[in-house]
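Worksheet: the structure to be examined is printed underneath.
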Amino acid sequence: MNSIYKIFMLIGVIGLFFASCEDEYGPRKESIPVFESVAVTPASFSFGDSITLTATISDPATMLTSLKYEIVSEGRVITSGEILLVGDTYEVNQSIFVPLRDNQADNADVVMNLVAKNVLKGADSYEVTGLTGKRPVYNQLYLVTDDGAVAVLSPRSSDKDKFEGTELTLETSFRYKLAEKLNADKTIDYSGAVYGNVDGKIAMISEGGESSFIYTPDADYTQVFTYDNYAFSASTTGSNLGADDLALSAFGDQDIYGETFRTLKRTLEKDKTYTVFGKLGDAANIYNPDFFERISDSQVKFLGETGEYTIYYNPVRKNIIVGVDNPAYPQYLLACGYGLGYPTNVTSDEIGAVYSGHHKVHTEWGFGHIMNYVLLRQISDGVYQGTFFTPGDHDHYAGFKPFENTGWANEKKAGNFTFTGEQIITGDNDWTIASDSGTESANYRFTIDLNNNTVNIEKVTL
């Protein structure tokens, strides 16, 4: 009986063994994947470009699961990844990005190591040799800060891997990316190489990558930026402001109209050109065209009379305006009421996202602060110019009047003037733009001539 019992026990154990070798894939057999064909194209490529891996992988008895790859040059893994495999035969056609790493040699030998696995963890490896990686050659690179400033970095004649921008007017600290290509609107074109921050170091990044950070100590602004594309390192040289320079490092903070402004009181001279630094040089900024002529991104000429002014910079609206203490006729007229705003190219939605309920227009009936009214500057005897956005793009309405000072002196009623140019004003008292008039919300320049009581209105693009 013991012999019979032992035989039954042995049969049971064997049955359990066979049962354990079956699952959702059916009966399993020990095997390893087979690389039937493998190719990498092109065999010679530039680091920072993509190569294509094509392969046919099969397994005679077991389902395939994965193909791992790593690309190696000079004993260092450049990139790696995994491709999921399905079935017992799989055709691979995979584009693989090969980044440029720091200190990477030119015309370097490159090897691709492949490991294919099946569900039983059977594996086989394959090595692709005969590949060559070249360092990319850039004619120039673009330094693009998170604030929107763009500077061209040119290669040094003595070292094609070192790029430099000089005569810059950047802040002493900023976040940035380095790009091979830009779009027409000066944003980064990610079809080219882009460098940013990866784990605290400069490296190639994709569109979702982070910006790098740099700081220039003991300076008022950053004048020189140097990037070493071999070592993946960046350095800066700073400088200090001169008497005719404007930078936010000299500005204070002030809350006006529930918005945060940077402000500076100083003397400005008629027809003098000032260099503007850092965020003040952002090409997206609109300088009040009645007081400034934009010579370049980094230079503005002051058009007003020589005197003491307060410069107001609004980082959300991206505009720069000027104010004076107690503005009054004959140097100025003051337009207050509803539906006017100093020019900006920032939308009402963007402004409202930061300051709830605020729009491109901001004036009110009053003179409590610079946002209640807009200034019209005397440009010749009895002639005044003011450029502002109107009517509100949220309600398409404006109703305002010019006055001679903050004491509501000598209001200028609409019925006392003849209007030429854009016929957008109605009314005999307030200067009204009706909400149903169809008037385009845009920047308009008002030229008021008190000598003959005429007002010319023209639409302007800033």
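Ligands are numbered from 1 in the order shown, residues from 1 within each chain, and chains are lettered A, B, ... in the order they appear in the structure tokens.
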
All residues 10 Å or closer to region 122-137 of chain A, only C-alpha atoms, same chain fewer than 6 positions away omitted, as a compact mmCIF listing (two decimals) with C-alpha atoms, in the first residue's frame:
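Result written to around.txt:
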```
# COMPACT_ATOMS: atom_id res chain seq x y z
CA GLU A 30 11.68 27.88 -21.76
CA SER A 31 13.04 29.96 -24.64
CA ILE A 32 14.85 33.21 -25.44
CA PRO A 33 13.97 35.97 -27.90
CA VAL A 34 15.66 35.98 -31.28
CA PHE A 35 16.95 39.13 -33.05
CA VAL A 38 18.44 45.04 -36.49
CA ALA A 39 19.33 48.36 -38.13
CA VAL A 40 20.00 51.92 -36.92
CA THR A 41 19.73 54.86 -39.33
CA PRO A 42 21.48 57.07 -39.97
CA ALA A 43 24.73 55.45 -38.91
CA SER A 44 26.35 58.88 -38.70
CA PHE A 45 24.33 61.52 -36.87
CA SER A 46 24.61 64.67 -34.77
CA PHE A 47 24.12 64.57 -31.02
CA GLY A 48 20.87 66.45 -30.43
CA ASP A 49 19.12 64.73 -33.33
CA ASP A 59 10.39 34.05 -29.83
CA THR A 62 6.98 32.35 -25.52
CA LEU A 64 7.65 38.82 -25.91
CA THR A 65 7.43 41.63 -23.33
CA SER A 66 10.07 44.34 -23.72
CA LEU A 67 13.11 45.67 -25.52
CA LYS A 68 15.48 47.80 -23.50
CA TYR A 69 18.04 50.00 -25.20
CA GLU A 70 20.92 52.18 -24.14
CA ILE A 71 23.17 54.34 -26.26
CA SER A 73 29.67 56.72 -26.11
CA VAL A 98 20.17 61.23 -28.76
CA LEU A 100 24.35 66.09 -26.54
CA ARG A 101 26.05 65.66 -23.17
CA GLN A 104 31.16 64.93 -25.47
CA ALA A 105 33.87 64.36 -28.08
CA ASP A 106 33.26 65.03 -31.76
CA ASN A 107 33.11 62.14 -34.28
CA ALA A 108 32.79 59.73 -31.37
CA ASP A 109 32.16 55.99 -31.64
CA VAL A 110 28.66 55.13 -30.48
CA VAL A 111 27.23 51.74 -29.52
CA MET A 112 23.59 50.76 -29.04
CA ASN A 113 23.02 47.91 -26.59
CA LEU A 114 19.72 46.00 -26.87
CA VAL A 115 18.16 43.46 -24.48
CA ALA A 116 14.92 41.67 -25.45
CA PRO A 155 30.40 81.91 -31.35
CA LYS A 160 33.18 77.43 -31.93
CA ASP A 161 31.75 75.89 -28.73
CA ALA A 193 18.19 72.32 -29.82
CA ASN A 229 28.60 74.36 -25.12
CA TYR A 230 31.38 71.82 -24.58
```

For this session: Assign secondary structure with DSSP using the backbone only, and return the residues of region 100-241 of chain A in strand (DSSP E) as a count of residues only.
Result: 77

Exercise. Suppose you want the space between CA of Thr275 (chain A) and CA of Ala247 (chain A); what is it in Å?
Worked result: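 Between CA of Thr275 (chain A) and CA of Ala247 (chain A) the gap works out to 8.6 Å.
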
For this session: May I ask which of the residues A:Val276, A:Ile448, A:Ala335, A:Ala409 is the closest one to Leu246 (chain A), counting only C-alpha atoms?
Result: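 Using only C-alpha atoms, the shortest distance to Leu246 (chain A) belongs to A:Val276.
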
Exercise. Can you tell me, as an NGL selection string, what residues are no more than 9 Å from Ile370 (chain A) when counting only C-alpha atoms, ignoring any on the same chain fewer than 2 positions away?
Worked result: :A and (256-257 or 322-323 or 363 or 367-368 or 372-375)

For this session: Write out as a VMD selection string each polymer residue whose atoms come within 9 Å of Phe446 (chain A), counting only C-alpha atoms; drop sequence neighbours fewer than 2 positions from it.
Result: chain A and resid 376 384 to 388 444 448 455 to 458

Problem set entry | Coordinates-based distance that separates CA of Gln223 (chain A) from CA of Asp244 (chain A) (Å, one decimal) | 16.1 Å

Exercise. Using only C-alpha atoms, which of A:Tyr215, A:Phe389, A:Tyr221, A:Tyr355 sits nearest Glu259 (chain A)?
Worked result: A:Tyr355

Problem set entry | Close residues, Thr216 (chain A) itself excluded, 10 Å, only C-alpha atoms, min 5 positions apart in chain, as a PyMOL selection string | chain A and resi 170-174+221-225+235-239

Residue subset to file, keeping all heavy atoms, as a short mmCIF file (atom, residue, chain, number, x, y, z; two decimals), in the first residue's frame:
```cif
data_model
loop_
_atom_site.label_atom_id
_atom_site.label_comp_id
_atom_site.auth_asym_id
_atom_site.auth_seq_id
_atom_site.Cartn_x
_atom_site.Cartn_y
_atom_site.Cartn_z
N LEU A 170 20.64 93.13 -19.05
CA LEU A 170 19.80 92.19 -18.31
C LEU A 170 19.88 92.43 -16.81
O LEU A 170 20.82 93.07 -16.31
CB LEU A 170 20.21 90.76 -18.63
CG LEU A 170 20.10 90.34 -20.10
CD1 LEU A 170 20.70 88.95 -20.29
CD2 LEU A 170 18.66 90.37 -20.56
N GLU A 171 18.90 91.89 -16.08
CA GLU A 171 18.91 91.96 -14.63
C GLU A 171 20.13 91.21 -14.08
O GLU A 171 20.78 90.43 -14.78
CB GLU A 171 17.63 91.35 -14.05
CG GLU A 171 16.34 91.99 -14.54
CD GLU A 171 16.09 93.36 -13.95
OE1 GLU A 171 16.83 93.77 -13.01
OE2 GLU A 171 15.16 94.04 -14.42
N THR A 172 20.42 91.42 -12.81
CA THR A 172 21.55 90.72 -12.20
C THR A 172 21.23 89.26 -11.89
O THR A 172 22.13 88.46 -11.68
CB THR A 172 22.00 91.42 -10.91
OG1 THR A 172 20.87 91.55 -10.03
CG2 THR A 172 22.57 92.79 -11.21
N SER A 173 19.97 88.89 -11.86
CA SER A 173 19.58 87.49 -11.70
C SER A 173 18.38 87.22 -12.60
O SER A 173 17.48 88.06 -12.71
CB SER A 173 19.23 87.16 -10.24
OG SER A 173 18.12 87.91 -9.81
N PHE A 174 18.40 86.08 -13.27
CA PHE A 174 17.30 85.76 -14.18
C PHE A 174 17.32 84.27 -14.49
O PHE A 174 18.33 83.59 -14.36
CB PHE A 174 17.39 86.58 -15.47
CG PHE A 174 18.70 86.48 -16.20
CD1 PHE A 174 18.93 85.49 -17.15
CD2 PHE A 174 19.71 87.39 -15.94
CE1 PHE A 174 20.13 85.41 -17.84
CE2 PHE A 174 20.93 87.31 -16.62
CZ PHE A 174 21.13 86.32 -17.56
N TYR A 221 23.68 95.45 -13.26
CA TYR A 221 23.04 94.72 -14.35
C TYR A 221 24.06 93.76 -14.97
O TYR A 221 25.27 93.85 -14.73
CB TYR A 221 22.49 95.67 -15.41
CG TYR A 221 23.53 96.45 -16.19
CD1 TYR A 221 24.00 95.99 -17.42
CD2 TYR A 221 24.03 97.65 -15.71
CE1 TYR A 221 24.95 96.70 -18.14
CE2 TYR A 221 24.98 98.37 -16.41
CZ TYR A 221 25.44 97.90 -17.62
OH TYR A 221 26.37 98.60 -18.33
N THR A 222 23.55 92.81 -15.75
CA THR A 222 24.40 91.84 -16.44
C THR A 222 24.73 92.37 -17.83
O THR A 222 23.83 92.62 -18.64
CB THR A 222 23.69 90.48 -16.55
OG1 THR A 222 23.44 89.99 -15.24
CG2 THR A 222 24.55 89.48 -17.31
N GLN A 223 26.02 92.52 -18.13
CA GLN A 223 26.46 93.10 -19.39
C GLN A 223 26.93 92.05 -20.39
O GLN A 223 26.75 92.20 -21.60
CB GLN A 223 27.59 94.10 -19.14
CG GLN A 223 28.03 94.87 -20.38
CD GLN A 223 29.12 95.86 -20.06
OE1 GLN A 223 30.10 95.53 -19.37
NE2 GLN A 223 28.96 97.09 -20.53
N VAL A 224 27.53 90.95 -19.89
CA VAL A 224 28.08 89.91 -20.76
C VAL A 224 27.59 88.55 -20.29
O VAL A 224 27.60 88.27 -19.08
CB VAL A 224 29.62 89.94 -20.77
CG1 VAL A 224 30.17 88.82 -21.67
CG2 VAL A 224 30.14 91.30 -21.23
N PHE A 225 27.15 87.71 -21.22
CA PHE A 225 26.75 86.34 -20.92
C PHE A 225 27.57 85.42 -21.82
O PHE A 225 27.59 85.60 -23.04
CB PHE A 225 25.26 86.13 -21.18
CG PHE A 225 24.76 84.75 -20.83
CD1 PHE A 225 24.17 84.50 -19.60
CD2 PHE A 225 24.87 83.71 -21.73
CE1 PHE A 225 23.70 83.23 -19.27
CE2 PHE A 225 24.41 82.44 -21.42
CZ PHE A 225 23.83 82.20 -20.19
N SER A 235 28.56 81.72 -17.64
CA SER A 235 29.11 82.72 -16.74
C SER A 235 28.66 84.10 -17.20
O SER A 235 28.26 84.29 -18.36
CB SER A 235 30.64 82.65 -16.71
OG SER A 235 31.18 82.90 -18.00
N THR A 236 28.72 85.07 -16.31
CA THR A 236 28.29 86.43 -16.63
C THR A 236 29.31 87.44 -16.12
O THR A 236 30.10 87.16 -15.22
CB THR A 236 26.92 86.76 -16.00
OG1 THR A 236 27.02 86.58 -14.58
CG2 THR A 236 25.83 85.88 -16.56
N THR A 237 29.26 88.62 -16.72
CA THR A 237 30.03 89.77 -16.25
C THR A 237 29.06 90.92 -16.07
O THR A 237 28.23 91.17 -16.95
CB THR A 237 31.13 90.16 -17.25
OG1 THR A 237 31.99 89.04 -17.48
CG2 THR A 237 31.94 91.33 -16.73
N GLY A 238 29.15 91.61 -14.94
CA GLY A 238 28.23 92.69 -14.66
C GLY A 238 28.87 94.06 -14.80
O GLY A 238 30.08 94.20 -14.99
N SER A 239 28.04 95.09 -14.72
CA SER A 239 28.51 96.47 -14.75
C SER A 239 27.56 97.31 -13.90
O SER A 239 26.53 96.81 -13.42
CB SER A 239 28.57 96.99 -16.19
OG SER A 239 29.21 98.25 -16.24
#
```

For this session: List the neighbours of Ser154 (chain A) out to 6 Å using only C-alpha atoms; skip same-chain residues closer than 2 positions along the sequence, and give me the result as number ranges by chain.
Result: A: 140, 163-164

How about saving the chosen residues, N, CA, C and O atoms kept, as a CSV table (one decimal), in the first residue's frame?
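Result written to out_12.csv:
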```csv
chain,number,residue,atom,x,y,z
A,140,GLN,N,24.7,80.5,-34.3
A,140,GLN,CA,24.5,81.3,-33.1
A,140,GLN,C,23.5,80.6,-32.2
A,140,GLN,O,22.8,79.7,-32.6
A,163,PHE,N,29.9,80.6,-26.8
A,163,PHE,CA,29.0,81.6,-27.4
A,163,PHE,C,28.9,82.8,-26.4
A,163,PHE,O,28.8,82.6,-25.2
A,164,GLU,N,28.8,84.0,-26.9
A,164,GLU,CA,28.9,85.2,-26.1
A,164,GLU,C,28.0,86.3,-26.6
A,164,GLU,O,27.9,86.5,-27.8
```

Exercise. To one decimal place, how far is CA of Asp449 (chain A) from CA of Asp436 (chain A) in Å?
Worked result: 28.2 Å

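Neighbouring residues of Glu308 (chain A) at 12 Å or closer, counting only C-alpha atoms and skipping chain neighbours under 2 positions away, are Leu264, Lys265, Arg266, Thr267, Leu268, Glu269, Lys270, Gly304, Glu305, Thr306, Thr310, Ile311, Val322, Gly323, Val324, Asp325, Asn326 and Pro327 of chain A.
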